[in-house]
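**Student:** First, the structure itself, so that you have it in front of you.
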Amino acid sequence: MFRSLWLLFCAFAFEAYSAGKVVYETGFDSPGDVKGWEWSCNDMWKIEKGVGVDGSAALVWTNADPLKFDACSFEIPGIKAGQSYSATFKVKVVSHSGSLIEGTICWKDGEKWLGGAGGCVNRWDSGKLESDADGWYSMTVCTTKPFSVAANKALMQLYVKRGGTGCVVFDDVRIRLEGEKDISSVGGFLTSCYRNTAIDGDVRFVACTVIPREYWAPGKTLAELTFMSSDRSVRTVRMEVPDRSHVEATLPVSVFPMGRTKVTVTVKGYDGRVFGTRSLMFERVRKLPKRYVWIDGFGRTIVDGKPFFPIGMFWSIGTLEKVPDSLERYATGPFNCLQNYDHTLSAAELDRFWAKGLRVIVGVKDVFAPVWPNVVYGGKSASNYRYARPKKGTVLKTWEDEDRYLTNLANSLKEHPALLGWFVCDEFRGEFHDRLKQHYELLKQVDPGHISCASILADAESASNFIDCMDVFWIDSYSIAPYGSVKVSKPDEGEAWVAADRVEVADKASYGLLQTWGVGQAFAHKWDHPHVYYPNRALLRFPTFKELKSQCWQKIAVGANGLIFYSYSQLLNSPDSEEEKEQNFRTVCKVAEEFRDLTGVLTLEPGPSVIEKPKRVRVRTWKDKDAVYALVCNTHPEERKGVLQIEGAWSDCSSIMGEGVKLSGKFLKLDMAPLGVAMVRLVPLK
């Protein structure tokens, strides 16, 4: 199914992008051709005469070191927000091994890279490329989303992926402008109360926006909330416009009538140009409805009326079928739940997990019909397509099929004691917002007693776009020897800090309105990317205990209130030996045990603020009657010394976990080991 959709997209893209207006072309034959390229001649990239098409000059890539990587980038002139591009170029191989030849179009804001917007539709490893009589291959790139308002530069990049060696010639680059549309909009619209329902107090309304650059200056963008107030009059309230990415307003719940009220946000320019509108239903109640599982005002998961800290792993029901004792083995670990990843589950299957005391997040991420306009994003990952895989043999052809399937499934499982929530999204792209929102609203209506969870891409745009489509989100911030990393980390060194950085980016982009759970890296990249060329695949390894512990605790330190490891299925189905699999599983269990043993702390209410701390140290506090607990994480692979000041005064500091934190007057003195993690209990000074 996935392959047929990919071929359909390629055919559609090639036809749509084959007749655009050429905005730049080069054959590398004159000095002017190299202006605007973000590179200089070096030992990898040179322009050579006589080697191009018909004996012209051409761009030549030469490399003997598989660890070296360098992309040759050209700035596309005259870009505007909302524009889409395509590019064609020719490739001739003198010698080549170990990697893929590629081209892509990507965005930048000044020197800040904002991500790729499309790769080759006819991939080098597809087996479909054919050369002409002279050995030249033609490759095509097309953007899969319009040029972003956040960017001011578009680049065409030519490169050979890391791990490649040899000599490759590039020639006849042509870039075309294929279309333009207004991409200003209002995206996710949400309130600060769980599912837009409240009894009293204040409620914060936040709408995410895409605003053209010419309206970014203060005062050039206006926003309003419109709703029927408690006195039955239509009321309009001016909203704050703190930045170009969102607008907000805070109102007392008392201004709304009892029951459900439609609230509409309108964002426009000072000259009257409307960028977008969006509505939500806010409900004022005298008593909150019955909920089995929900998120409270402190971001904690509440299960059957009590705080619950989820500790589990991603699963697939196929693992049970392939490894008969997989559930029994899992149940020996310190887990209280699991995230089902592939096919949806039946009540009988939930019974099997519940018998082991495990709650389940049921995956419905693939309950999407593979029909236009669902397929709107091209890429290499199947998660960028929505194709039917709710149950083996099930075929969904229309949106009505989707709704019917979700309704029947939710009705069949919503009373099951094992149900923790629904997994509605696995790294969707922004184009799927409205359809995902409909799925989320449908599940809320059919099963109001359980949460909906989602995995989102680790960028601000994804977090902002989907804030009104889920209750809990997590991002895949896997920091140990990531694919494409410039620096390969050695054991207990490397890029562990990325785990917290990416969670912070997503949390900031969701304006603190959604709850975050952490995802621990319980896999090696060599399992996930068996086709990826790499000079030493042994470096694409499973995290050490120290690295995995650091990853997970620092995610908690920046606000996560749950921990789901990815993935039990990959661990069991990996090509490693049985001894290695067991060792890796026990490493995960050893980390998870720390969270299980400290659940009593992790489910407390938030504690006092941090006033001062050293760079790259993550801190979070909780309060418990007359005591305060402080989690301190050193995220760097080097020692960290300095002082930490937490609001308040302390008479005693005792270690609950780890070391390197001691009381020194009104400060906490830090002397932490590389990637060190500590939890201390502070007693206030009376």
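Chain lettering (A, B, ...) mirrors the order of the structure tokens, residue numbering begins at 1 for each chain separately, and ligand numbering begins at 1 in order of display.
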Give me the residues within 7 Å of A:Ser192 as a list in words, counting only C-alpha atoms and dropping any in the same chain fewer than 4 places off.
**Tutor:**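 Result of the neighbour search: Val203, Arg204, Phe205 and Leu513 of chain A.
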**Student:** For A:Ala151, find every residue with an atom within 10 Å (counting only C-alpha atoms), except residues of its own chain fewer than 6 positions away, and show them as a PyMOL selection string.
**Tutor:** chain A and resi 79-81+106-110+112-115+213
**Student:** Those same residues, written as an mmCIF file, in the first residue's frame with all heavy atoms?
**Tutor:**
```
data_model
loop_
_atom_site.group_PDB
_atom_site.id
_atom_site.type_symbol
_atom_site.label_atom_id
_atom_site.label_comp_id
_atom_site.auth_asym_id
_atom_site.auth_seq_id
_atom_site.Cartn_x
_atom_site.Cartn_y
_atom_site.Cartn_z
ATOM 1 N N ILE A 79 12.767 34.713 -3.466
ATOM 2 C CA ILE A 79 11.783 33.878 -2.791
ATOM 3 C C ILE A 79 10.723 34.716 -2.078
ATOM 4 O O ILE A 79 10.965 35.845 -1.665
ATOM 5 C CB ILE A 79 12.467 32.940 -1.783
ATOM 6 C CG1 ILE A 79 13.363 33.765 -0.828
ATOM 7 C CG2 ILE A 79 13.294 31.904 -2.479
ATOM 8 C CD1 ILE A 79 12.981 33.669 0.593
ATOM 9 N N LYS A 80 9.535 34.152 -1.935
ATOM 10 C CA LYS A 80 8.443 34.760 -1.180
ATOM 11 C C LYS A 80 7.709 33.671 -0.417
ATOM 12 O O LYS A 80 7.634 32.527 -0.868
ATOM 13 C CB LYS A 80 7.461 35.481 -2.116
ATOM 14 C CG LYS A 80 7.992 36.766 -2.736
ATOM 15 C CD LYS A 80 6.972 37.358 -3.694
ATOM 16 C CE LYS A 80 5.678 37.715 -2.977
ATOM 17 N NZ LYS A 80 4.684 38.327 -3.896
ATOM 18 N N ALA A 81 7.166 34.027 0.735
ATOM 19 C CA ALA A 81 6.397 33.069 1.521
ATOM 20 C C ALA A 81 5.248 32.512 0.694
ATOM 21 O O ALA A 81 4.568 33.249 -0.025
ATOM 22 C CB ALA A 81 5.857 33.731 2.779
ATOM 23 N N CYS A 106 15.786 23.439 0.919
ATOM 24 C CA CYS A 106 15.572 23.662 2.345
ATOM 25 C C CYS A 106 15.490 25.153 2.637
ATOM 26 O O CYS A 106 15.807 25.994 1.791
ATOM 27 C CB CYS A 106 16.679 23.022 3.177
ATOM 28 S SG CYS A 106 18.319 23.624 2.798
ATOM 29 N N TRP A 107 15.040 25.469 3.850
ATOM 30 C CA TRP A 107 14.811 26.859 4.259
ATOM 31 C C TRP A 107 15.801 27.277 5.339
ATOM 32 O O TRP A 107 16.234 26.466 6.160
ATOM 33 C CB TRP A 107 13.402 27.037 4.827
ATOM 34 C CG TRP A 107 12.237 26.466 4.069
ATOM 35 C CD1 TRP A 107 11.157 25.845 4.617
ATOM 36 C CD2 TRP A 107 12.003 26.486 2.655
ATOM 37 N NE1 TRP A 107 10.280 25.471 3.644
ATOM 38 C CE2 TRP A 107 10.765 25.854 2.423
ATOM 39 C CE3 TRP A 107 12.718 26.965 1.560
ATOM 40 C CZ2 TRP A 107 10.224 25.698 1.157
ATOM 41 C CZ3 TRP A 107 12.182 26.804 0.295
ATOM 42 C CH2 TRP A 107 10.951 26.187 0.106
ATOM 43 N N LYS A 108 16.124 28.575 5.364
ATOM 44 C CA LYS A 108 16.956 29.140 6.414
ATOM 45 C C LYS A 108 16.395 30.492 6.818
ATOM 46 O O LYS A 108 15.733 31.173 6.021
ATOM 47 C CB LYS A 108 18.410 29.309 5.947
ATOM 48 C CG LYS A 108 19.133 28.008 5.695
ATOM 49 C CD LYS A 108 20.571 28.239 5.254
ATOM 50 C CE LYS A 108 21.453 28.679 6.388
ATOM 51 N NZ LYS A 108 22.882 28.776 5.995
ATOM 52 N N ASP A 109 16.644 30.870 8.060
ATOM 53 C CA ASP A 109 16.371 32.218 8.545
ATOM 54 C C ASP A 109 17.722 32.806 8.919
ATOM 55 O O ASP A 109 18.248 32.546 9.993
ATOM 56 C CB ASP A 109 15.442 32.182 9.755
ATOM 57 C CG ASP A 109 15.106 33.582 10.274
ATOM 58 O OD1 ASP A 109 15.465 34.565 9.599
ATOM 59 O OD2 ASP A 109 14.495 33.691 11.348
ATOM 60 N N GLY A 110 18.286 33.596 8.016
ATOM 61 C CA GLY A 110 19.657 34.041 8.205
ATOM 62 C C GLY A 110 20.567 32.834 8.118
ATOM 63 O O GLY A 110 20.599 32.129 7.111
ATOM 64 N N LYS A 112 20.276 30.354 10.428
ATOM 65 C CA LYS A 112 19.590 29.288 11.148
ATOM 66 C C LYS A 112 18.866 28.380 10.171
ATOM 67 O O LYS A 112 17.997 28.805 9.430
ATOM 68 C CB LYS A 112 18.596 29.882 12.141
ATOM 69 C CG LYS A 112 17.862 28.838 12.980
ATOM 70 C CD LYS A 112 16.893 29.495 13.951
ATOM 71 C CE LYS A 112 16.160 28.458 14.779
ATOM 72 N NZ LYS A 112 15.170 29.095 15.698
ATOM 73 N N TRP A 113 19.231 27.104 10.193
ATOM 74 C CA TRP A 113 18.608 26.126 9.307
ATOM 75 C C TRP A 113 17.235 25.756 9.840
ATOM 76 O O TRP A 113 17.078 25.431 11.016
ATOM 77 C CB TRP A 113 19.489 24.885 9.209
ATOM 78 C CG TRP A 113 19.031 23.888 8.186
ATOM 79 C CD1 TRP A 113 19.147 23.980 6.838
ATOM 80 C CD2 TRP A 113 18.398 22.627 8.436
ATOM 81 N NE1 TRP A 113 18.630 22.860 6.226
ATOM 82 C CE2 TRP A 113 18.161 22.019 7.184
ATOM 83 C CE3 TRP A 113 18.022 21.959 9.598
ATOM 84 C CZ2 TRP A 113 17.563 20.775 7.058
ATOM 85 C CZ3 TRP A 113 17.416 20.721 9.467
ATOM 86 C CH2 TRP A 113 17.202 20.138 8.209
ATOM 87 N N LEU A 114 16.210 25.802 8.987
ATOM 88 C CA LEU A 114 14.833 25.547 9.410
ATOM 89 C C LEU A 114 14.280 24.235 8.888
ATOM 90 O O LEU A 114 13.100 23.965 9.036
ATOM 91 C CB LEU A 114 13.924 26.701 8.965
ATOM 92 C CG LEU A 114 14.259 28.080 9.536
ATOM 93 C CD1 LEU A 114 13.301 29.124 8.983
ATOM 94 C CD2 LEU A 114 14.207 28.062 11.056
ATOM 95 N N GLY A 115 15.110 23.440 8.257
ATOM 96 C CA GLY A 115 14.642 22.128 7.834
ATOM 97 C C GLY A 115 14.494 21.999 6.337
ATOM 98 O O GLY A 115 14.368 22.978 5.606
ATOM 99 N N ARG A 213 5.546 38.368 6.881
ATOM 100 C CA ARG A 213 6.653 39.126 7.467
ATOM 101 C C ARG A 213 6.369 40.626 7.528
ATOM 102 O O ARG A 213 6.799 41.304 8.462
ATOM 103 C CB ARG A 213 7.933 38.887 6.667
ATOM 104 C CG ARG A 213 8.652 37.607 7.056
ATOM 105 C CD ARG A 213 9.952 37.435 6.293
ATOM 106 N NE ARG A 213 10.699 36.295 6.813
ATOM 107 C CZ ARG A 213 11.698 36.390 7.675
ATOM 108 N NH1 ARG A 213 12.076 37.576 8.110
ATOM 109 N NH2 ARG A 213 12.332 35.314 8.095
#
```
**Student:** Mind checking which residues fall within 12 Å of A:Ser56, counting only C-alpha atoms, ignoring those fewer than 2 positions away in the same chain, and posting them as a VMD selection string?
**Tutor:** chain A and resid 26 to 30 47 to 54 58 to 59 169 to 172
**Student:** Deliver the residues from the most recent selection as a file, using N, CA and C atoms, as a short mmCIF file (atom, residue, chain, number, x, y, z; two decimals), in the first residue's frame.
**Tutor:**
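After the write, again37.cif holds the following:
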```
data_model
loop_
_atom_site.label_atom_id
_atom_site.label_comp_id
_atom_site.auth_asym_id
_atom_site.auth_seq_id
_atom_site.Cartn_x
_atom_site.Cartn_y
_atom_site.Cartn_z
N THR A 26 21.99 26.82 -14.10
CA THR A 26 23.43 26.92 -14.25
C THR A 26 23.99 25.63 -14.83
N GLY A 27 24.98 25.79 -15.69
CA GLY A 27 25.77 24.67 -16.18
C GLY A 27 27.20 24.77 -15.72
N PHE A 28 27.47 25.75 -14.82
CA PHE A 28 28.80 25.95 -14.22
C PHE A 28 29.85 26.35 -15.26
N ASP A 29 29.40 27.05 -16.30
CA ASP A 29 30.32 27.37 -17.40
C ASP A 29 30.95 28.76 -17.30
N SER A 30 30.42 29.62 -16.44
CA SER A 30 30.99 30.96 -16.34
C SER A 30 31.16 31.32 -14.87
N ILE A 47 34.76 23.11 -9.42
CA ILE A 47 34.22 23.24 -10.78
C ILE A 47 35.35 22.90 -11.75
N GLU A 48 35.10 21.92 -12.61
CA GLU A 48 36.11 21.49 -13.56
C GLU A 48 35.58 21.61 -14.98
N LYS A 49 36.45 22.01 -15.88
CA LYS A 49 36.08 22.16 -17.29
C LYS A 49 36.14 20.83 -18.02
N GLY A 50 35.24 20.71 -19.01
CA GLY A 50 35.30 19.57 -19.91
C GLY A 50 34.71 18.28 -19.41
N VAL A 51 34.13 18.28 -18.17
CA VAL A 51 33.60 17.02 -17.63
C VAL A 51 32.08 17.00 -17.59
N GLY A 52 31.44 18.10 -18.00
CA GLY A 52 29.99 18.20 -17.93
C GLY A 52 29.30 17.66 -19.16
N VAL A 53 27.99 17.90 -19.23
CA VAL A 53 27.19 17.47 -20.37
C VAL A 53 27.73 18.14 -21.64
N ASP A 54 27.96 17.36 -22.66
CA ASP A 54 28.47 17.86 -23.94
C ASP A 54 29.81 18.57 -23.79
N ALA A 58 31.50 21.54 -15.09
CA ALA A 58 30.53 20.92 -14.18
C ALA A 58 31.06 20.97 -12.76
N LEU A 59 30.18 20.68 -11.83
CA LEU A 59 30.52 20.64 -10.41
C LEU A 59 30.91 19.21 -10.05
N VAL A 169 29.82 13.72 -10.60
CA VAL A 169 29.73 14.99 -11.33
C VAL A 169 28.27 15.44 -11.37
N PHE A 170 28.03 16.73 -11.05
CA PHE A 170 26.70 17.33 -11.10
C PHE A 170 26.68 18.42 -12.18
N ASP A 171 25.59 18.51 -12.93
CA ASP A 171 25.51 19.52 -13.99
C ASP A 171 24.05 19.87 -14.28
N ASP A 172 23.90 20.95 -15.04
CA ASP A 172 22.59 21.41 -15.56
C ASP A 172 21.52 21.49 -14.47
#
```
**Student:** Can you tell me, as a PDB file with N, CA and C atoms, in the first residue's frame, what residues are no more than 12 Å from stretch 505-508 of chain A when counting only C-alpha atoms, ignoring any on the same chain fewer than 6 positions away?
**Tutor:**
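Heads up, here's the output in part-v1.pdb:
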```pdb
ATOM      1  N   SER A 245       3.925  34.371  16.319  1.00  0.00           N
ATOM      2  CA  SER A 245       3.531  32.969  16.299  1.00  0.00           C
ATOM      3  C   SER A 245       2.245  32.664  17.053  1.00  0.00           C
ATOM      4  N   HIS A 246       1.790  33.579  17.911  1.00  0.00           N
ATOM      5  CA  HIS A 246       0.553  33.297  18.631  1.00  0.00           C
ATOM      6  C   HIS A 246      -0.055  34.586  19.174  1.00  0.00           C
ATOM      7  N   SER A 455       2.532  11.598  19.187  1.00  0.00           N
ATOM      8  CA  SER A 455       3.944  11.896  18.978  1.00  0.00           C
ATOM      9  C   SER A 455       4.023  12.967  17.900  1.00  0.00           C
ATOM     10  N   ILE A 456       4.798  14.016  18.151  1.00  0.00           N
ATOM     11  CA  ILE A 456       4.934  15.087  17.177  1.00  0.00           C
ATOM     12  C   ILE A 456       6.387  15.254  16.794  1.00  0.00           C
ATOM     13  N   LEU A 457       6.616  15.897  15.669  1.00  0.00           N
ATOM     14  CA  LEU A 457       7.975  16.168  15.232  1.00  0.00           C
ATOM     15  C   LEU A 457       8.639  17.160  16.177  1.00  0.00           C
ATOM     16  N   ALA A 458       9.945  17.048  16.292  1.00  0.00           N
ATOM     17  CA  ALA A 458      10.682  17.863  17.262  1.00  0.00           C
ATOM     18  C   ALA A 458      10.984  19.247  16.705  1.00  0.00           C
ATOM     19  N   ASP A 459       9.939  19.976  16.347  1.00  0.00           N
ATOM     20  CA  ASP A 459      10.129  21.346  15.893  1.00  0.00           C
ATOM     21  C   ASP A 459       8.954  22.193  16.362  1.00  0.00           C
ATOM     22  N   ALA A 460       9.184  23.492  16.420  1.00  0.00           N
ATOM     23  CA  ALA A 460       8.179  24.398  16.957  1.00  0.00           C
ATOM     24  C   ALA A 460       6.922  24.429  16.101  1.00  0.00           C
ATOM     25  N   GLU A 461       7.070  24.340  14.794  1.00  0.00           N
ATOM     26  CA  GLU A 461       5.924  24.417  13.903  1.00  0.00           C
ATOM     27  C   GLU A 461       4.929  23.296  14.165  1.00  0.00           C
ATOM     28  N   SER A 462       5.432  22.066  14.369  1.00  0.00           N
ATOM     29  CA  SER A 462       4.545  20.933  14.620  1.00  0.00           C
ATOM     30  C   SER A 462       3.819  21.078  15.951  1.00  0.00           C
ATOM     31  N   ALA A 463       4.547  21.498  16.988  1.00  0.00           N
ATOM     32  CA  ALA A 463       3.928  21.650  18.300  1.00  0.00           C
ATOM     33  C   ALA A 463       2.833  22.700  18.267  1.00  0.00           C
ATOM     34  N   SER A 464       3.092  23.828  17.624  1.00  0.00           N
ATOM     35  CA  SER A 464       2.100  24.907  17.557  1.00  0.00           C
ATOM     36  C   SER A 464       0.886  24.492  16.751  1.00  0.00           C
ATOM     37  N   ASN A 465       1.136  23.799  15.661  1.00  0.00           N
ATOM     38  CA  ASN A 465       0.051  23.467  14.748  1.00  0.00           C
ATOM     39  C   ASN A 465      -0.969  22.519  15.361  1.00  0.00           C
ATOM     40  N   PHE A 466      -0.521  21.609  16.234  1.00  0.00           N
ATOM     41  CA  PHE A 466      -1.392  20.547  16.712  1.00  0.00           C
ATOM     42  C   PHE A 466      -1.833  20.706  18.165  1.00  0.00           C
ATOM     43  N   ILE A 467      -1.719  21.888  18.746  1.00  0.00           N
ATOM     44  CA  ILE A 467      -2.017  22.011  20.176  1.00  0.00           C
ATOM     45  C   ILE A 467      -3.472  21.702  20.513  1.00  0.00           C
ATOM     46  N   VAL A 472      -1.939  15.049  25.400  1.00  0.00           N
ATOM     47  CA  VAL A 472      -0.564  14.783  25.814  1.00  0.00           C
ATOM     48  C   VAL A 472       0.266  14.587  24.552  1.00  0.00           C
ATOM     49  N   PHE A 473       1.492  15.108  24.555  1.00  0.00           N
ATOM     50  CA  PHE A 473       2.362  14.832  23.422  1.00  0.00           C
ATOM     51  C   PHE A 473       3.743  14.405  23.906  1.00  0.00           C
ATOM     52  N   TRP A 474       4.443  13.701  23.020  1.00  0.00           N
ATOM     53  CA  TRP A 474       5.848  13.405  23.247  1.00  0.00           C
ATOM     54  C   TRP A 474       6.585  13.546  21.933  1.00  0.00           C
ATOM     55  N   ILE A 475       7.891  13.772  22.014  1.00  0.00           N
ATOM     56  CA  ILE A 475       8.713  13.874  20.820  1.00  0.00           C
ATOM     57  C   ILE A 475       9.845  12.861  20.918  1.00  0.00           C
ATOM     58  N   ASP A 476      10.312  12.412  19.758  1.00  0.00           N
ATOM     59  CA  ASP A 476      11.358  11.398  19.699  1.00  0.00           C
ATOM     60  C   ASP A 476      12.728  12.074  19.707  1.00  0.00           C
ATOM     61  N   SER A 477      13.201  12.426  20.883  1.00  0.00           N
ATOM     62  CA  SER A 477      14.508  13.083  20.991  1.00  0.00           C
ATOM     63  C   SER A 477      15.550  12.045  21.379  1.00  0.00           C
ATOM     64  N   VAL A 498      20.606  16.895  23.982  1.00  0.00           N
ATOM     65  CA  VAL A 498      19.559  17.116  22.984  1.00  0.00           C
ATOM     66  C   VAL A 498      18.203  16.676  23.512  1.00  0.00           C
ATOM     67  N   ALA A 499      18.175  15.692  24.368  1.00  0.00           N
ATOM     68  CA  ALA A 499      16.910  15.170  24.896  1.00  0.00           C
ATOM     69  C   ALA A 499      16.091  16.270  25.542  1.00  0.00           C
ATOM     70  N   LEU A 514      -0.170  22.046  26.837  1.00  0.00           N
ATOM     71  CA  LEU A 514      -0.267  20.596  26.719  1.00  0.00           C
ATOM     72  C   LEU A 514       0.700  19.917  27.678  1.00  0.00           C
ATOM     73  N   GLN A 515       0.375  18.702  28.052  1.00  0.00           N
ATOM     74  CA  GLN A 515       1.248  17.917  28.908  1.00  0.00           C
ATOM     75  C   GLN A 515       2.225  17.110  28.061  1.00  0.00           C
ATOM     76  N   THR A 516       3.474  17.020  28.536  1.00  0.00           N
ATOM     77  CA  THR A 516       4.526  16.289  27.839  1.00  0.00           C
ATOM     78  C   THR A 516       4.885  15.019  28.593  1.00  0.00           C
ATOM     79  N   TRP A 517       5.079  13.938  27.852  1.00  0.00           N
ATOM     80  CA  TRP A 517       5.687  12.733  28.401  1.00  0.00           C
ATOM     81  C   TRP A 517       7.019  12.521  27.693  1.00  0.00           C
ATOM     82  N   GLY A 518       7.989  11.978  28.402  1.00  0.00           N
ATOM     83  CA  GLY A 518       9.295  11.715  27.810  1.00  0.00           C
ATOM     84  C   GLY A 518       9.325  10.384  27.078  1.00  0.00           C
ATOM     85  N   LYS A 555      14.505  14.932  30.741  1.00  0.00           N
ATOM     86  CA  LYS A 555      13.181  15.220  30.182  1.00  0.00           C
ATOM     87  C   LYS A 555      12.189  15.504  31.302  1.00  0.00           C
ATOM     88  N   VAL A 558      12.687  19.061  32.655  1.00  0.00           N
ATOM     89  CA  VAL A 558      12.135  20.190  31.899  1.00  0.00           C
ATOM     90  C   VAL A 558      10.618  20.087  31.742  1.00  0.00           C
ATOM     91  N   GLY A 559       9.979  19.192  32.532  1.00  0.00           N
ATOM     92  CA  GLY A 559       8.523  19.244  32.603  1.00  0.00           C
ATOM     93  C   GLY A 559       7.746  18.005  32.264  1.00  0.00           C
ATOM     94  N   ALA A 560       8.388  16.947  31.743  1.00  0.00           N
ATOM     95  CA  ALA A 560       7.632  15.749  31.375  1.00  0.00           C
ATOM     96  C   ALA A 560       7.056  15.073  32.612  1.00  0.00           C
TER      97      ALA A 560
END
```
**Student:** What lies within 9 Å of A:Phe227 using only C-alpha atoms, ignoring chain neighbours under 2 positions off, as a count of residues only?
**Tutor:** 12
**Student:** Tell me, which residues of stretch 182-359 of chain A carry DSSP strand (DSSP E or B), written as a VMD selection string?
**Tutor:** chain A and resid 185 to 191 197 to 198 202 to 210 221 to 228 234 to 238 240 246 to 252 259 to 269 274 to 284 293 to 295 301 to 303 306 to 308 311 to 315 337 to 340 359
**Student:** So the first atom is atom CA of A:Gly312 and the second is atom CA of A:Cys589; what is the distance between them in Å, to one decimal place?
**Tutor:**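 So the answer is 9.8 Å.
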**Student:** Got a sec: who's within 7 Å of A:Met44, counting only C-alpha atoms, leaving out chain neighbours fewer than 2 positions off, as a compact mmCIF listing (two decimals) with C-alpha atoms, in the first residue's frame?
**Tutor:**
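Output below, filename out35.txt:
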```txt
# COMPACT_ATOMS: atom_id res chain seq x y z
CA ASN A 42 37.82 22.74 -1.44
CA LYS A 46 35.38 21.88 -7.44
CA TRP A 61 32.38 15.99 -5.79
CA THR A 62 35.40 13.93 -4.72
CA ASN A 63 35.81 12.23 -1.37
```
**Student:** Pick out the closest residue to A:Glu248 from this set: A:Lys444, A:Arg174, A:Tyr511, A:Tyr85. Count only C-alpha atoms.
**Tutor:** A:Tyr511
**Student:** Can you list every residue in stretch 220-376 of chain A that DSSP puts in alpha helix (DSSP H), as a list in words?
**Tutor:**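 Of stretch 220-376 of chain A, the ones in alpha helix (DSSP H) are Ile317, Gly318, Thr319, Leu320, Glu321, Lys322, Ser326, Leu327, Glu328, Arg329, Tyr330, Ala331, Ala347, Ala348, Glu349, Leu350, Asp351, Arg352, Phe353 and Trp354 of chain A.
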**Student:** Nearest residue to A:Ser184 out of A:Pro543, A:Gly164, A:Pro334, A:Pro212, using only C-alpha atoms?
**Tutor:**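 Comparing A:Pro543, A:Gly164, A:Pro334, A:Pro212 against A:Ser184, the winner is A:Pro212.
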**Student:** In Å, with one decimal, what is the gap from atom CA of A:Thr599 to atom CA of A:Gly297?
**Tutor:** 18.3 Å
